[in-house]
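First up is the structure itself, then whatever we jot down about it.
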Amino acid sequence: MTRTKRLLPYLGFAAVTVYCLAPFYWMAISAFRRPQDQFDNSIVPARWSLENFSAVFSGGNGFGRALLNSLIVAGGTTALTLLIGTFTAYALARLDFRGKNAVLGLIIATTMFPGISQLVPLLKLFTDIGWINTYQAMVLPSLGFALPLSVWLLTAFFRQLPFELEQAAMVDGCTRGQAFRKIIVPLAAPGVFTTAILTFIAAWNEFLIALSMVNKKEMQTATVAISKFTGVSGFDQPFGTQMAAGVIVTVPLIVVVLVFQRRIVAGLTAGGVK
Amino acid sequence: MTAIETPSAAGAPAADAPRRRGRDAQGTRRLAALLLSPTLLVLALVIGYPVLAGFRESLYARGEGLDAQGFVVEGDRFVGLDNYTAIFRGDRADAFWNAFSNTTFFTLTTVVLETLIGVAMALIMHQAFRGRAIVRAGILVPWAIPTAISGLLWRWIFQADGAANAVLRQQILWTADGFPAKMAVVVAEVWKTSPFIGLLVLAGLQMIPRDVYEAARVDGAGPVQQFFRITLPLVKPALLVAVLFRMLDVLRMFDLPAVLIGVNQKSVETLTMIAWFEASNLRYGSAAAYATVLFLYIALIAYLFVKLLGADIIGEARRRSSRQSSRRSRRARKKAA
């Protein structure tokens with residue numbers, strides 16, 4: 001009885017870990033199978049092979065370019081978002097002015113808008129001004145979800161900063177701008193960094209906008225490109241190749257997430273947003 | 001110069017204070033407006049404009065028509081609420097109500113399952129163990145995988161001769177149209193998002209002081225009572241916010257069913273998918289009408305949720321951050337002493 005009681009939490013731990021990792025393990029292991037063993041359901045591949053990985057980068061897929069596109073779109077979205085959002089979050093966390101809660105409420109309320117109701121008019125607008133198949137056509141709509149997310153996270157982080165230090169600096173003769181630059185920015189850097197990671201991941205995972213704003217293969221982002229991979233025959237879905245591409249897209253994210261685990265958990269729980 | 005100014009500055013505050021404060025407040029307001037305007041401007045452009053333009057769009061139809069004199073006119077023409085009535089009429093109505101009920105079904109089932117599994121995960125992880133760091137790292141993996149990729153991953157698992165059928169020793173056609181397709185979407189969605197709820201609840205659990213439980217134990221409360229009388233009420237605010245955000249997210253679900261099963265499949269078509277399908281066929285007016293209906297539905301659900309359950313999003317965030325900072329300063333003080 002006592003022994004089972006002691007073992008129980010470990011069983012729980014094992015259950016949670018298996019629940020979270022088993023599907024991912026299956027993706028990775030399927031990527032390392034030989035294409036002819038693809039439908040083999042053994043837990044460890046009988047013969048390991050990198051054939052699926054070389055197929056990912058083979059001519060027709062243009063996967064290298066797709067990765068670059070994803071990097072540009074997600075990176076651009078993150079940079080713009082932080083540039084704009086930091087100032088707003090500072091104002092919301094630090095300054096006392098009328099209508100502050102209303103502004104914060106408004107910014108949060110914008111996360112409620114479904115992407116599709118933003119997409120349809122923008123799709124039409126971008127068609128008219130010839131922006132289809134451009135990076136800005138993917139970055140700008142992405143700001144719609146990235147900006148509220150980062151303002152919300154940054155505000156939560158900035159509220160935890162020691163306000164007294166800033167006041168002390170101002171008593172010592174710093175202007176508000178100087179106090180912001182010299183005191184708050186260095187202290188806020190970890191929070192900004194975490195927000196950058198979370199925003200980047202959200203933008204990297206974006207699918208609907210990237211799918212709709214682009215119809216040229218060279219401009220597709222990685223998530224869209226993978227979902228459109230075609231097999232040799234054109235009819236079978238090339239699962240092995242797709243799993244390998246999935247591993248390539250996911251592993252860098254997972255590494256970043258694991259390295260900055262503590263910060264990311266802090267960010268997720270401070271913001272309470274996806 | 002400074003020597004002359006210093007005494008007057010030292011003497012000034014008593015007399016000058018009200019005026020200075022007034023000027024300060026004005027300066028603060030101006031600064032706030034300056035700092036807020038870029039964000040508000042961008043949001044107005046990428047959210048405000050599209051929503052209004054979308055509403056206008058939904059009142060127009062594209063294509064050829066005849067004007068009063070019988071001439072053919074091309075381009076957009078005003079059709080009033082025709083796009084909306086078309087949604088609710090004829091076989092299009094069936095498609096709409098199907099998508100509406102799919103969206104609602106997905107929202108209800110996934111949010112309930114996610115909450116149950118997430119809370120269970122949080123309770124398990126809250127046990128103080130050495131392995132906790134590993135589990136917490138593992139829990140972030142489903143969250144980090146892009147939804148479209150996880151759609152592909154589950155499509156692979158749910159193949160006719162794939163892993164799911166091998167484990168279950170069944171021959172279910174998961175990815176064909178039908179009820180199993182719905183189940184496949186629910187499973188994939190719950191897998192990806194319940195860790196997120198787990199993390200939020202875990203953060204809530206860690207804020208509950210241990211002495212509360214000790215006191216309850218002394219008073220003779222069992223584990224079940226402790227859970228329902230202490231844990232749940234104290235975690236509730238954090239949980240409600242998490243559930244609200246999850247609900248808003250599932251209501252606009254697109255990537256997962258689109259990749260896992262496919263677009264234009266009756267069993268998993270959601271409102272976003274139906275609107276997207278219209279837009280990709282260049283029927284912008286009709287697409288905008290669907291999008292507007294979806295938006296109203298989401299707004300209604302969010303309003304009801306906040307009203308009925310009293311989820312206080314802004315207040316919750318503020319409380320949590322102030323609690324964290326007060327905890328931190330307490331720890332710092334303890335360290336100093």
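Each chain in the structure tokens gets a letter, A, B and so on, in the order shown; residues start at 1 in every chain, and ligands are counted from 1 in the order they appear.
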Distance query Leu232 (chain B) at most 10 Å, only C-alpha atoms, self and fewer than 4 positions along chain excluded, as a ChimeraX atom specification: /B:119,201,204-205,226-228,236-237,239
Fewer than 3 positions away in the same chain doesn't count, so skip those; otherwise give me all residues within 12 Å of region 155-169 of chain B, counting only C-alpha atoms, as a VMD selection string. (chain A and resid 22 to 31 38 to 43 227 236 to 243 246) or (chain B and resid 148 to 152 172 to 176 180 to 185 187 to 188 256 to 262)
According to DSSP computed on the backbone, where in region 107-208 of chain B is there alpha helix (DSSP H)? Give the residues as number ranges by chain. B: 107-126, 132-144, 147-157, 163-168, 179-206
If you count only C-alpha atoms, which residues fall within 12 Å of Leu31 (chain B), apart from same-chain ones fewer than 6 positions away, as an MDAnalysis selection string? (chainID A and resid 87:88 90:92 94:97 176:177) or (chainID B and resid 24:25 37)
Between A:Gly173, A:Pro148, A:Pro35, A:Gly191, which has the minimum distance to chain B (counting only C-alpha atoms)?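 Closest to chain B, using only C-alpha atoms: A:Pro148.
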Out of A:Pro121, A:Gly267, A:Pro186, A:Gly62, which residue has the shortest atom-to-atom distance to Arg56 (chain B) when counting only C-alpha atoms?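 Checking each candidate against Arg56 (chain B), we get A:Pro121 as the closest.
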Residues within 10 Å of Phe145 (chain A), please, as a VMD selection string. Count only C-alpha atoms; anything in the same chain fewer than 4 positions from it doesn't count. (chain A and resid 81 108 110 to 115 140 to 141 149 to 150 199 202 to 203 206) or (chain B and resid 43 46 to 47)
